[in-house]
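*Asks:* The following block contains the structure, expressed as structure tokens.
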Amino acid sequence: MSPVQRSGGVLTVVDQDVELSFVSTVPRNLVHRAAICEVFLTDSVKTTDDRFVLAAQLPRVHSYYSDQVASRPVYDPLLLTEAVRQAAIFVAHRYLGAPPADKFVYNTSDLRICDPDALAVTELPGHLLLDATLTATKRRGDVVVGLALAVALRVDGVVAGSMDITIQWMPPAVWDGLRTRARAGLDAAPDRAHSLDTRLRAHRVGRLLDPNVVLGRFAATGDTLTANVLVDRSHPALFDHPLDHIPGMLLFEALRQAGALAAYELNGSAPSRLTLVGCRAEFTRFGEFELPTAAHTTLLPAPGPGRTAFAVDVRQDDATIARGEVEFTALAWRER
């Protein structure tokens, strides 16, 4: 794959026979977004039966993804996660025949940033290339109802990292039955959820703006920290459109913030000096709005010099709804 070639800031050449446009976004319904400003994909090409190359424009300023305390402007690794999420849904609709009305479930993902410096914001919006290989499909009879993608990520021609993702989808009637069964027997009273009034101050989790904080009261013991997870359904990015469950992107943020908080409370590392370089997650059941949610975070052995890692288990009433690992590195940004 050749480096990005900008033409008026709108085109990139992926290889000799493929061009992708950054002129406009893809239809927002194909990535399950209500606001155009939350759509990052701009184009796609199917090169073989199992390879898709997609383009996304990374905004230089965003109320949620730009809210960080790095010493210089950088693209949030979770912005790349969102771009991959959109790419997986888009591939399902555009190329694998997923009906427009079907409901989607996020199963697993594994983001790895190999070059944090590649995420530095420069003088133009970033051009992200997602080189996606279809590694597996899930079928019901002859119908594809799920996929697994392995995605290589390049920002302005520089290899930034990779992400594996699995999702599945189903008709609305099947979804309704699944949700009814999931909620049966739960003590889902609205007043059981943690109050937003207990939200931590932003600097505790490496943020600048308090509304972007998803953690509340916490307690640390030994090598473990437990923090309340707050669900603010008015958040314009995490809740771009109405949902009947806690979205995966909020849980990703809970994993990241729980790790950042634990880095200081358990390991003495200030969140302002850490950069996310790994985020692996498995979603095991629906997160309900009415139930109290907590992130249980445990310090893991250091994966390498200057690196810190945590295992995070997100639970509702002692049942795990998501689990994963986050990894941080202490980084001094350099000019590219």
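Chains: A, B, ... in order of the structure tokens. Residues: from 1 per chain. Ligands: from 1, in order shown.
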Write out as a PDB file with N, CA and C atoms, in the first residue's frame which residues come within 12 Å of Ala101 of chain A when counting only C-alpha atoms, dropping same-chain ones fewer than 2 positions away.
*Replies:*
```pdb
ATOM      1  N   ASN A  29     -27.120   6.679   7.802  1.00  0.00           N
ATOM      2  CA  ASN A  29     -27.867   5.498   8.228  1.00  0.00           C
ATOM      3  C   ASN A  29     -27.047   4.218   8.065  1.00  0.00           C
ATOM      4  N   LEU A  30     -26.038   4.236   7.182  1.00  0.00           N
ATOM      5  CA  LEU A  30     -25.220   3.047   6.954  1.00  0.00           C
ATOM      6  C   LEU A  30     -24.132   2.865   8.011  1.00  0.00           C
ATOM      7  N   HIS A  32     -25.097   3.979  11.307  1.00  0.00           N
ATOM      8  CA  HIS A  32     -25.937   4.104  12.497  1.00  0.00           C
ATOM      9  C   HIS A  32     -25.612   5.357  13.301  1.00  0.00           C
ATOM     10  N   HIS A  93     -23.764  -3.603   5.859  1.00  0.00           N
ATOM     11  CA  HIS A  93     -24.888  -3.107   5.063  1.00  0.00           C
ATOM     12  C   HIS A  93     -24.568  -3.078   3.573  1.00  0.00           C
ATOM     13  N   GLY A  97     -25.116  -7.480   2.751  1.00  0.00           N
ATOM     14  CA  GLY A  97     -26.562  -7.618   2.662  1.00  0.00           C
ATOM     15  C   GLY A  97     -27.337  -7.464   3.941  1.00  0.00           C
ATOM     16  N   ALA A  98     -26.749  -6.869   4.986  1.00  0.00           N
ATOM     17  CA  ALA A  98     -27.500  -6.651   6.227  1.00  0.00           C
ATOM     18  C   ALA A  98     -28.632  -5.666   5.957  1.00  0.00           C
ATOM     19  N   PRO A  99     -29.885  -6.017   6.236  1.00  0.00           N
ATOM     20  CA  PRO A  99     -31.012  -5.116   5.974  1.00  0.00           C
ATOM     21  C   PRO A  99     -30.898  -3.819   6.777  1.00  0.00           C
ATOM     22  N   LYS A 103     -30.875  -4.789  13.759  1.00  0.00           N
ATOM     23  CA  LYS A 103     -30.225  -4.287  14.961  1.00  0.00           C
ATOM     24  C   LYS A 103     -28.875  -4.975  15.129  1.00  0.00           C
ATOM     25  N   PHE A 104     -27.879  -4.211  15.587  1.00  0.00           N
ATOM     26  CA  PHE A 104     -26.520  -4.711  15.667  1.00  0.00           C
ATOM     27  C   PHE A 104     -26.059  -4.879  17.109  1.00  0.00           C
ATOM     28  N   TRP A 169     -25.828  -9.099  13.730  1.00  0.00           N
ATOM     29  CA  TRP A 169     -27.047  -8.329  13.573  1.00  0.00           C
ATOM     30  C   TRP A 169     -28.240  -9.263  13.439  1.00  0.00           C
ATOM     31  N   MET A 170     -29.428  -8.686  13.626  1.00  0.00           N
ATOM     32  CA  MET A 170     -30.649  -9.497  13.647  1.00  0.00           C
ATOM     33  C   MET A 170     -31.849  -8.620  13.318  1.00  0.00           C
ATOM     34  N   PRO A 171     -32.956  -9.230  12.863  1.00  0.00           N
ATOM     35  CA  PRO A 171     -34.176  -8.468  12.581  1.00  0.00           C
ATOM     36  C   PRO A 171     -34.747  -7.844  13.853  1.00  0.00           C
ATOM     37  N   PRO A 172     -35.508  -6.751  13.722  1.00  0.00           N
ATOM     38  CA  PRO A 172     -36.070  -6.088  14.901  1.00  0.00           C
ATOM     39  C   PRO A 172     -36.896  -7.015  15.794  1.00  0.00           C
ATOM     40  N   ALA A 173     -37.676  -7.923  15.204  1.00  0.00           N
ATOM     41  CA  ALA A 173     -38.505  -8.810  16.023  1.00  0.00           C
ATOM     42  C   ALA A 173     -37.644  -9.735  16.881  1.00  0.00           C
ATOM     43  N   VAL A 174     -36.544 -10.220  16.318  1.00  0.00           N
ATOM     44  CA  VAL A 174     -35.630 -11.067  17.091  1.00  0.00           C
ATOM     45  C   VAL A 174     -34.974 -10.250  18.200  1.00  0.00           C
ATOM     46  N   TRP A 175     -34.588  -9.031  17.864  1.00  0.00           N
ATOM     47  CA  TRP A 175     -33.994  -8.127  18.862  1.00  0.00           C
ATOM     48  C   TRP A 175     -34.956  -7.892  20.019  1.00  0.00           C
TER      49      TRP A 175
END
```
*Asks:* Env of Leu96 of chain A: 9 Å cut, atoms = only C-alpha atoms, seq-sep filter 5 positions within chain, self excluded. Answer as a PyMOL selection string.
*Replies:* chain A and resi 91+144-145
*Asks:* Export N, CA and C atoms of the chosen residues as a PDB file, in the first residue's frame?
*Replies:*
```pdb
ATOM      1  N   VAL A  91     -19.661  -2.123   6.099  1.00  0.00           N
ATOM      2  CA  VAL A  91     -19.384  -3.320   5.309  1.00  0.00           C
ATOM      3  C   VAL A  91     -20.564  -4.283   5.388  1.00  0.00           C
ATOM      4  N   VAL A 144     -25.873 -14.180   5.925  1.00  0.00           N
ATOM      5  CA  VAL A 144     -24.807 -13.688   6.797  1.00  0.00           C
ATOM      6  C   VAL A 144     -25.420 -12.815   7.888  1.00  0.00           C
ATOM      7  N   VAL A 145     -25.110 -13.114   9.134  1.00  0.00           N
ATOM      8  CA  VAL A 145     -25.651 -12.353  10.270  1.00  0.00           C
ATOM      9  C   VAL A 145     -24.554 -11.867  11.206  1.00  0.00           C
TER      10      VAL A 145
END
```
*Asks:* Which is closer to Phe283 of chain A than all the others in A:Leu130, A:Met249, A:Ala193, A:Ala263, using only C-alpha atoms?
*Replies:*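 Nearest candidate to Phe283 of chain A out of A:Leu130, A:Met249, A:Ala193, A:Ala263: A:Met249.
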*Asks:* Skipping near chain neighbours, those fewer than 2 positions away, what residues fall within 9 Å of Asp244 of chain A using only C-alpha atoms, listed as a PDB file with all heavy atoms, in the first residue's frame?
*Replies:*
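Final file, selection_38.pdb:
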```pdb
ATOM      1  N   ARG A 179     -34.175  -8.723  23.892  1.00  0.00           N
ATOM      2  CA  ARG A 179     -34.150  -7.711  24.944  1.00  0.00           C
ATOM      3  C   ARG A 179     -35.161  -8.036  26.036  1.00  0.00           C
ATOM      4  O   ARG A 179     -34.901  -7.814  27.232  1.00  0.00           O
ATOM      5  CB  ARG A 179     -34.435  -6.326  24.351  1.00  0.00           C
ATOM      6  CG  ARG A 179     -33.351  -5.820  23.441  1.00  0.00           C
ATOM      7  CD  ARG A 179     -32.031  -5.574  24.189  1.00  0.00           C
ATOM      8  NE  ARG A 179     -32.123  -4.416  25.075  1.00  0.00           N
ATOM      9  CZ  ARG A 179     -31.887  -4.443  26.365  1.00  0.00           C
ATOM     10  NH1 ARG A 179     -31.570  -5.576  26.974  1.00  0.00           N
ATOM     11  NH2 ARG A 179     -31.980  -3.354  27.088  1.00  0.00           N
ATOM     12  N   PRO A 242     -31.181   7.659  20.133  1.00  0.00           N
ATOM     13  CA  PRO A 242     -31.767   6.897  21.236  1.00  0.00           C
ATOM     14  C   PRO A 242     -31.389   5.416  21.179  1.00  0.00           C
ATOM     15  O   PRO A 242     -31.354   4.801  20.110  1.00  0.00           O
ATOM     16  CB  PRO A 242     -33.279   7.083  21.032  1.00  0.00           C
ATOM     17  CG  PRO A 242     -33.401   8.355  20.258  1.00  0.00           C
ATOM     18  CD  PRO A 242     -32.213   8.378  19.347  1.00  0.00           C
ATOM     19  N   ILE A 246     -26.787   0.404  27.269  1.00  0.00           N
ATOM     20  CA  ILE A 246     -25.545   1.175  27.338  1.00  0.00           C
ATOM     21  C   ILE A 246     -24.708   0.865  26.100  1.00  0.00           C
ATOM     22  O   ILE A 246     -24.420  -0.304  25.825  1.00  0.00           O
ATOM     23  CB  ILE A 246     -24.763   0.834  28.615  1.00  0.00           C
ATOM     24  CG1 ILE A 246     -25.599   1.165  29.863  1.00  0.00           C
ATOM     25  CG2 ILE A 246     -23.442   1.586  28.655  1.00  0.00           C
ATOM     26  CD1 ILE A 246     -24.944   0.737  31.168  1.00  0.00           C
ATOM     27  N   PRO A 247     -24.291   1.867  25.345  1.00  0.00           N
ATOM     28  CA  PRO A 247     -23.567   1.606  24.101  1.00  0.00           C
ATOM     29  C   PRO A 247     -22.120   1.183  24.347  1.00  0.00           C
ATOM     30  O   PRO A 247     -21.508   1.511  25.370  1.00  0.00           O
ATOM     31  CB  PRO A 247     -23.625   2.950  23.368  1.00  0.00           C
ATOM     32  CG  PRO A 247     -23.753   3.960  24.465  1.00  0.00           C
ATOM     33  CD  PRO A 247     -24.575   3.294  25.535  1.00  0.00           C
ATOM     34  N   GLU A 288     -27.904  -2.344  31.190  1.00  0.00           N
ATOM     35  CA  GLU A 288     -29.209  -1.704  31.360  1.00  0.00           C
ATOM     36  C   GLU A 288     -29.052  -0.337  32.025  1.00  0.00           C
ATOM     37  O   GLU A 288     -28.258  -0.166  32.955  1.00  0.00           O
ATOM     38  CB  GLU A 288     -30.129  -2.590  32.212  1.00  0.00           C
ATOM     39  CG  GLU A 288     -30.284  -4.015  31.701  1.00  0.00           C
ATOM     40  CD  GLU A 288     -30.977  -4.104  30.346  1.00  0.00           C
ATOM     41  OE1 GLU A 288     -31.552  -3.082  29.907  1.00  0.00           O
ATOM     42  OE2 GLU A 288     -30.958  -5.179  29.724  1.00  0.00           O
ATOM     43  N   PHE A 289     -29.829   0.614  31.561  1.00  0.00           N
ATOM     44  CA  PHE A 289     -29.736   1.973  32.081  1.00  0.00           C
ATOM     45  C   PHE A 289     -30.094   2.061  33.563  1.00  0.00           C
ATOM     46  O   PHE A 289     -29.551   2.883  34.304  1.00  0.00           O
ATOM     47  CB  PHE A 289     -30.668   2.914  31.309  1.00  0.00           C
ATOM     48  CG  PHE A 289     -30.288   3.101  29.862  1.00  0.00           C
ATOM     49  CD1 PHE A 289     -31.254   3.061  28.870  1.00  0.00           C
ATOM     50  CD2 PHE A 289     -28.971   3.315  29.495  1.00  0.00           C
ATOM     51  CE1 PHE A 289     -30.921   3.241  27.542  1.00  0.00           C
ATOM     52  CE2 PHE A 289     -28.626   3.502  28.170  1.00  0.00           C
ATOM     53  CZ  PHE A 289     -29.601   3.460  27.192  1.00  0.00           C
TER      54      PHE A 289
END
```
*Asks:* Using DSSP on the backbone coordinates, identify the residues of segment 132-289 of chain A assigned to strand (DSSP E or B); present them as a VMD selection string.
*Replies:* chain A and resid 132 to 140 143 to 155 158 to 170 215 to 221 224 to 229 274 to 283
*Asks:* Looking at A:Ala148, A:Val229, A:Leu196, A:Leu124, which one is nearest to Ile165 of chain A, with distances taken over only C-alpha atoms?
*Replies:* A:Ala148
*Asks:* So that I can check the secondary structure, give me every residue of segment 154-283 of chain A assigned alpha helix (DSSP H) by backbone DSSP, as a ChimeraX atom specification.
*Replies:* /A:172-183,248-267
*Asks:* Those selected residues, please, written with N, CA and C atoms and delivered as a tab-separated table (two decimals), in the first residue's frame.
*Replies:*
```tsv
chain	number	residue	atom	x	y	z
A	172	PRO	N	-35.51	-6.75	13.72
A	172	PRO	CA	-36.07	-6.09	14.90
A	172	PRO	C	-36.90	-7.02	15.79
A	173	ALA	N	-37.68	-7.92	15.20
A	173	ALA	CA	-38.51	-8.81	16.02
A	173	ALA	C	-37.64	-9.74	16.88
A	174	VAL	N	-36.54	-10.22	16.32
A	174	VAL	CA	-35.63	-11.07	17.09
A	174	VAL	C	-34.97	-10.25	18.20
A	175	TRP	N	-34.59	-9.03	17.86
A	175	TRP	CA	-33.99	-8.13	18.86
A	175	TRP	C	-34.96	-7.89	20.02
A	176	ASP	N	-36.21	-7.60	19.72
A	176	ASP	CA	-37.19	-7.33	20.77
A	176	ASP	C	-37.33	-8.53	21.71
A	177	GLY	N	-37.35	-9.72	21.14
A	177	GLY	CA	-37.45	-10.91	21.97
A	177	GLY	C	-36.21	-11.11	22.83
A	178	LEU	N	-35.05	-10.84	22.25
A	178	LEU	CA	-33.80	-10.95	22.99
A	178	LEU	C	-33.75	-9.96	24.14
A	179	ARG	N	-34.18	-8.72	23.89
A	179	ARG	CA	-34.15	-7.71	24.94
A	179	ARG	C	-35.16	-8.04	26.04
A	180	THR	N	-36.31	-8.56	25.67
A	180	THR	CA	-37.32	-8.92	26.67
A	180	THR	C	-36.78	-10.01	27.59
A	181	ARG	N	-36.13	-11.00	27.02
A	181	ARG	CA	-35.55	-12.08	27.82
A	181	ARG	C	-34.41	-11.57	28.69
A	182	ALA	N	-33.61	-10.65	28.15
A	182	ALA	CA	-32.47	-10.12	28.91
A	182	ALA	C	-32.92	-9.34	30.14
A	183	ARG	N	-34.05	-8.67	30.03
A	183	ARG	CA	-34.53	-7.83	31.13
A	183	ARG	C	-35.43	-8.58	32.10
A	248	GLY	N	-21.58	0.47	23.37
A	248	GLY	CA	-20.20	-0.01	23.47
A	248	GLY	C	-19.20	1.10	23.63
A	249	MET	N	-19.41	2.24	22.94
A	249	MET	CA	-18.43	3.31	23.02
A	249	MET	C	-18.36	3.92	24.42
A	250	LEU	N	-19.47	3.95	25.15
A	250	LEU	CA	-19.42	4.42	26.53
A	250	LEU	C	-18.63	3.43	27.39
A	251	LEU	N	-18.80	2.13	27.12
A	251	LEU	CA	-18.07	1.14	27.89
A	251	LEU	C	-16.58	1.19	27.57
A	252	PHE	N	-16.22	1.47	26.32
A	252	PHE	CA	-14.81	1.69	25.99
A	252	PHE	C	-14.25	2.84	26.82
A	253	GLU	N	-15.01	3.92	26.91
A	253	GLU	CA	-14.56	5.08	27.68
A	253	GLU	C	-14.44	4.72	29.16
A	254	ALA	N	-15.37	3.90	29.65
A	254	ALA	CA	-15.28	3.46	31.05
A	254	ALA	C	-14.01	2.64	31.27
A	255	LEU	N	-13.66	1.77	30.33
A	255	LEU	CA	-12.43	1.00	30.45
A	255	LEU	C	-11.22	1.94	30.49
A	256	ARG	N	-11.19	2.89	29.57
A	256	ARG	CA	-10.05	3.81	29.48
A	256	ARG	C	-9.94	4.66	30.75
A	257	GLN	N	-11.06	5.25	31.18
A	257	GLN	CA	-11.01	6.11	32.36
A	257	GLN	C	-10.72	5.32	33.63
A	258	ALA	N	-11.25	4.11	33.73
A	258	ALA	CA	-10.94	3.28	34.90
A	258	ALA	C	-9.46	2.98	34.95
A	259	GLY	N	-8.85	2.71	33.79
A	259	GLY	CA	-7.42	2.48	33.76
A	259	GLY	C	-6.62	3.73	34.12
A	260	ALA	N	-7.05	4.87	33.59
A	260	ALA	CA	-6.35	6.12	33.89
A	260	ALA	C	-6.43	6.46	35.37
A	261	LEU	N	-7.60	6.27	35.96
A	261	LEU	CA	-7.77	6.54	37.39
A	261	LEU	C	-6.93	5.58	38.23
A	262	ALA	N	-6.96	4.31	37.84
A	262	ALA	CA	-6.19	3.30	38.58
A	262	ALA	C	-4.69	3.52	38.43
A	263	ALA	N	-4.27	4.05	37.28
A	263	ALA	CA	-2.84	4.31	37.08
A	263	ALA	C	-2.30	5.24	38.15
A	264	TYR	N	-3.09	6.22	38.52
A	264	TYR	CA	-2.65	7.15	39.57
A	264	TYR	C	-2.86	6.56	40.96
A	265	GLU	N	-4.05	6.03	41.20
A	265	GLU	CA	-4.38	5.58	42.55
A	265	GLU	C	-3.59	4.34	42.96
A	266	LEU	N	-3.26	3.47	42.00
A	266	LEU	CA	-2.57	2.23	42.33
A	266	LEU	C	-1.09	2.27	42.00
A	267	ASN	N	-0.73	3.13	41.03
A	267	ASN	CA	0.63	3.07	40.51
A	267	ASN	C	1.35	4.42	40.54
```
